[in-house]
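Trainee: Got a structure for you, questions after.
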Amino acid sequence: KQWYQRRVAITAGDESSVLVPPAGTVQQILNGEITDQQAPCGCGWPRNLLIPRGTVAGMRADLYVLVTNWKEDAASSSSQLSGSVSYCGKIDQLYPDKRPMGFPFDRAMGFDTLEDMVRAVPNSCSREVEIVFKGLKE
């Protein structure tokens, strides 16, 4: 089945609430500007893995989606959640699911191309997308 839809997302990367907080400097620690309680936990999406802003002419990219079976992968959600569990999970526990954080990209895949992977993994798909840079916010 072919689908063609245009989706537009406009946001500045530094506005994201899920990025790894910027690390403080040694000088900030020595000056007492950052304490143990204020130090960032290091959990979050790495800034270098944000979707690129693209180019004015348009930058082609591959979007890959993998869906897993929640009935098979569900972890207990009965315990209290705190901190940044979205990207780090619960310390020493299975959360958000039984799969390792980063699955399936946490291991060597053994595929030469993205197309090979999509053919071999039936619960996945990919689409070519175009990312167009529309200019900086004023």
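Naming scheme: A, B, ... for chains in displayed order of the structure tokens; residues 1 onward per chain; ligands 1 onward as shown.
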With a distance cut-off of 12 Å and only C-alpha atoms, select the neighbouring residues of A:Val121, excluding the residue or stretch itself and same-chain residues fewer than 5 positions from it, and output the selection as a PyMOL selection string.
Mentor: chain A and resi 64-68+104+109+111+114-116+126
Trainee: Would you put the residues from that selection into a file with all heavy atoms, as a short mmCIF file (atom, residue, chain, number, x, y, z; two decimals), in the first residue's frame?
Mentor:
data_model
loop_
_atom_site.label_atom_id
_atom_site.label_comp_id
_atom_site.auth_asym_id
_atom_site.auth_seq_id
_atom_site.Cartn_x
_atom_site.Cartn_y
_atom_site.Cartn_z
N TYR A 64 12.55 4.90 9.69
CA TYR A 64 12.35 3.49 9.99
C TYR A 64 11.46 3.36 11.22
O TYR A 64 11.68 4.05 12.23
CB TYR A 64 13.69 2.79 10.24
CG TYR A 64 13.55 1.34 10.63
CD1 TYR A 64 13.26 0.37 9.67
CD2 TYR A 64 13.69 0.93 11.95
CE1 TYR A 64 13.12 -0.96 10.02
CE2 TYR A 64 13.56 -0.40 12.31
CZ TYR A 64 13.27 -1.34 11.34
OH TYR A 64 13.12 -2.66 11.69
N VAL A 65 10.45 2.51 11.15
CA VAL A 65 9.53 2.29 12.27
C VAL A 65 9.46 0.79 12.56
O VAL A 65 9.33 -0.02 11.65
CB VAL A 65 8.12 2.82 11.93
CG1 VAL A 65 7.15 2.52 13.07
CG2 VAL A 65 8.16 4.31 11.63
N LEU A 66 9.55 0.45 13.83
CA LEU A 66 9.43 -0.93 14.29
C LEU A 66 8.38 -0.96 15.40
O LEU A 66 8.44 -0.16 16.33
CB LEU A 66 10.77 -1.44 14.84
CG LEU A 66 10.70 -2.80 15.50
CD1 LEU A 66 10.81 -3.90 14.44
CD2 LEU A 66 11.79 -2.95 16.52
N VAL A 67 7.42 -1.86 15.29
CA VAL A 67 6.38 -2.00 16.30
C VAL A 67 6.54 -3.38 16.94
O VAL A 67 6.68 -4.39 16.25
CB VAL A 67 4.97 -1.88 15.66
CG1 VAL A 67 3.90 -2.06 16.70
CG2 VAL A 67 4.83 -0.54 14.95
N THR A 68 6.53 -3.41 18.28
CA THR A 68 6.61 -4.68 18.98
C THR A 68 5.27 -5.00 19.62
O THR A 68 4.41 -4.14 19.76
CB THR A 68 7.72 -4.66 20.06
OG1 THR A 68 7.42 -3.64 21.02
CG2 THR A 68 9.09 -4.42 19.44
N PRO A 104 15.77 -2.02 18.46
CA PRO A 104 16.67 -3.11 18.12
C PRO A 104 18.08 -2.64 17.78
O PRO A 104 18.91 -3.42 17.33
CB PRO A 104 16.01 -3.71 16.87
CG PRO A 104 15.48 -2.52 16.15
CD PRO A 104 15.01 -1.60 17.26
N MET A 109 22.98 -6.06 13.59
CA MET A 109 21.77 -6.55 12.94
C MET A 109 22.04 -7.58 11.85
O MET A 109 21.19 -8.40 11.58
CB MET A 109 21.00 -5.39 12.33
CG MET A 109 20.67 -4.35 13.34
SD MET A 109 18.97 -4.35 13.67
CE MET A 109 18.76 -2.65 14.06
N PHE A 111 22.32 -6.99 8.59
CA PHE A 111 21.70 -6.63 7.31
C PHE A 111 22.61 -5.67 6.57
O PHE A 111 23.22 -4.80 7.18
CB PHE A 111 20.33 -5.97 7.52
CG PHE A 111 19.36 -6.83 8.28
CD1 PHE A 111 19.04 -6.55 9.60
CD2 PHE A 111 18.79 -7.94 7.68
CE1 PHE A 111 18.16 -7.34 10.30
CE2 PHE A 111 17.90 -8.74 8.37
CZ PHE A 111 17.59 -8.45 9.68
N LEU A 114 18.91 -1.18 4.53
CA LEU A 114 17.65 -0.97 5.22
C LEU A 114 16.54 -1.80 4.60
O LEU A 114 15.71 -2.39 5.30
CB LEU A 114 17.28 0.52 5.19
CG LEU A 114 15.99 0.94 5.88
CD1 LEU A 114 16.00 0.57 7.36
CD2 LEU A 114 15.75 2.43 5.70
N GLU A 115 16.55 -1.90 3.29
CA GLU A 115 15.54 -2.71 2.60
C GLU A 115 15.61 -4.18 3.03
O GLU A 115 14.59 -4.83 3.22
CB GLU A 115 15.69 -2.60 1.08
CG GLU A 115 15.33 -1.23 0.52
CD GLU A 115 16.44 -0.20 0.70
OE1 GLU A 115 17.62 -0.57 0.99
OE2 GLU A 115 16.15 1.00 0.56
N ASP A 116 16.83 -4.70 3.20
CA ASP A 116 17.00 -6.08 3.68
C ASP A 116 16.38 -6.25 5.06
O ASP A 116 15.72 -7.25 5.34
CB ASP A 116 18.48 -6.46 3.75
CG ASP A 116 19.13 -6.61 2.39
OD1 ASP A 116 18.39 -6.72 1.38
OD2 ASP A 116 20.38 -6.61 2.33
N SER A 126 9.78 1.22 6.34
CA SER A 126 10.59 2.42 6.15
C SER A 126 9.96 3.24 5.04
O SER A 126 9.26 2.71 4.17
CB SER A 126 12.04 2.07 5.82
OG SER A 126 12.13 1.49 4.54
#
Trainee: Between atom CA of A:Leu63 and atom CA of A:Ile131, measure the distance and give it in Å to one decimal.
Mentor: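 Going from atom CA of A:Leu63 over to atom CA of A:Ile131, I get 10.9 Å.
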Trainee: Restricting the calculation to only C-alpha atoms, which member of A:Phe103, A:Asn31, A:Gly110, A:Arg47 is positioned closest to A:Glu15?
Mentor: A:Arg47
Trainee: Which residue out of A:Ile51, A:Arg60, A:Arg99, A:Lys134 has the minimum interatomic distance to A:Glu72 when only C-alpha atoms are used?
Mentor: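 Closest residue, counting only C-alpha atoms: A:Arg99.
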Trainee: For atom CA of A:Ala61 and atom CA of A:Arg127, determine how far apart the two atoms are, in Å to one decimal place.
Mentor: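 These atoms are spaced 8.4 Å apart.
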Trainee: Select, from A:Ala57, A:Ala12, A:Leu19, A:Ala74, the residue with the minimum atom-to-atom distance to A:Gly44, counting only C-alpha atoms.
Mentor: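 Closest to A:Gly44 of all the choices is A:Leu19.
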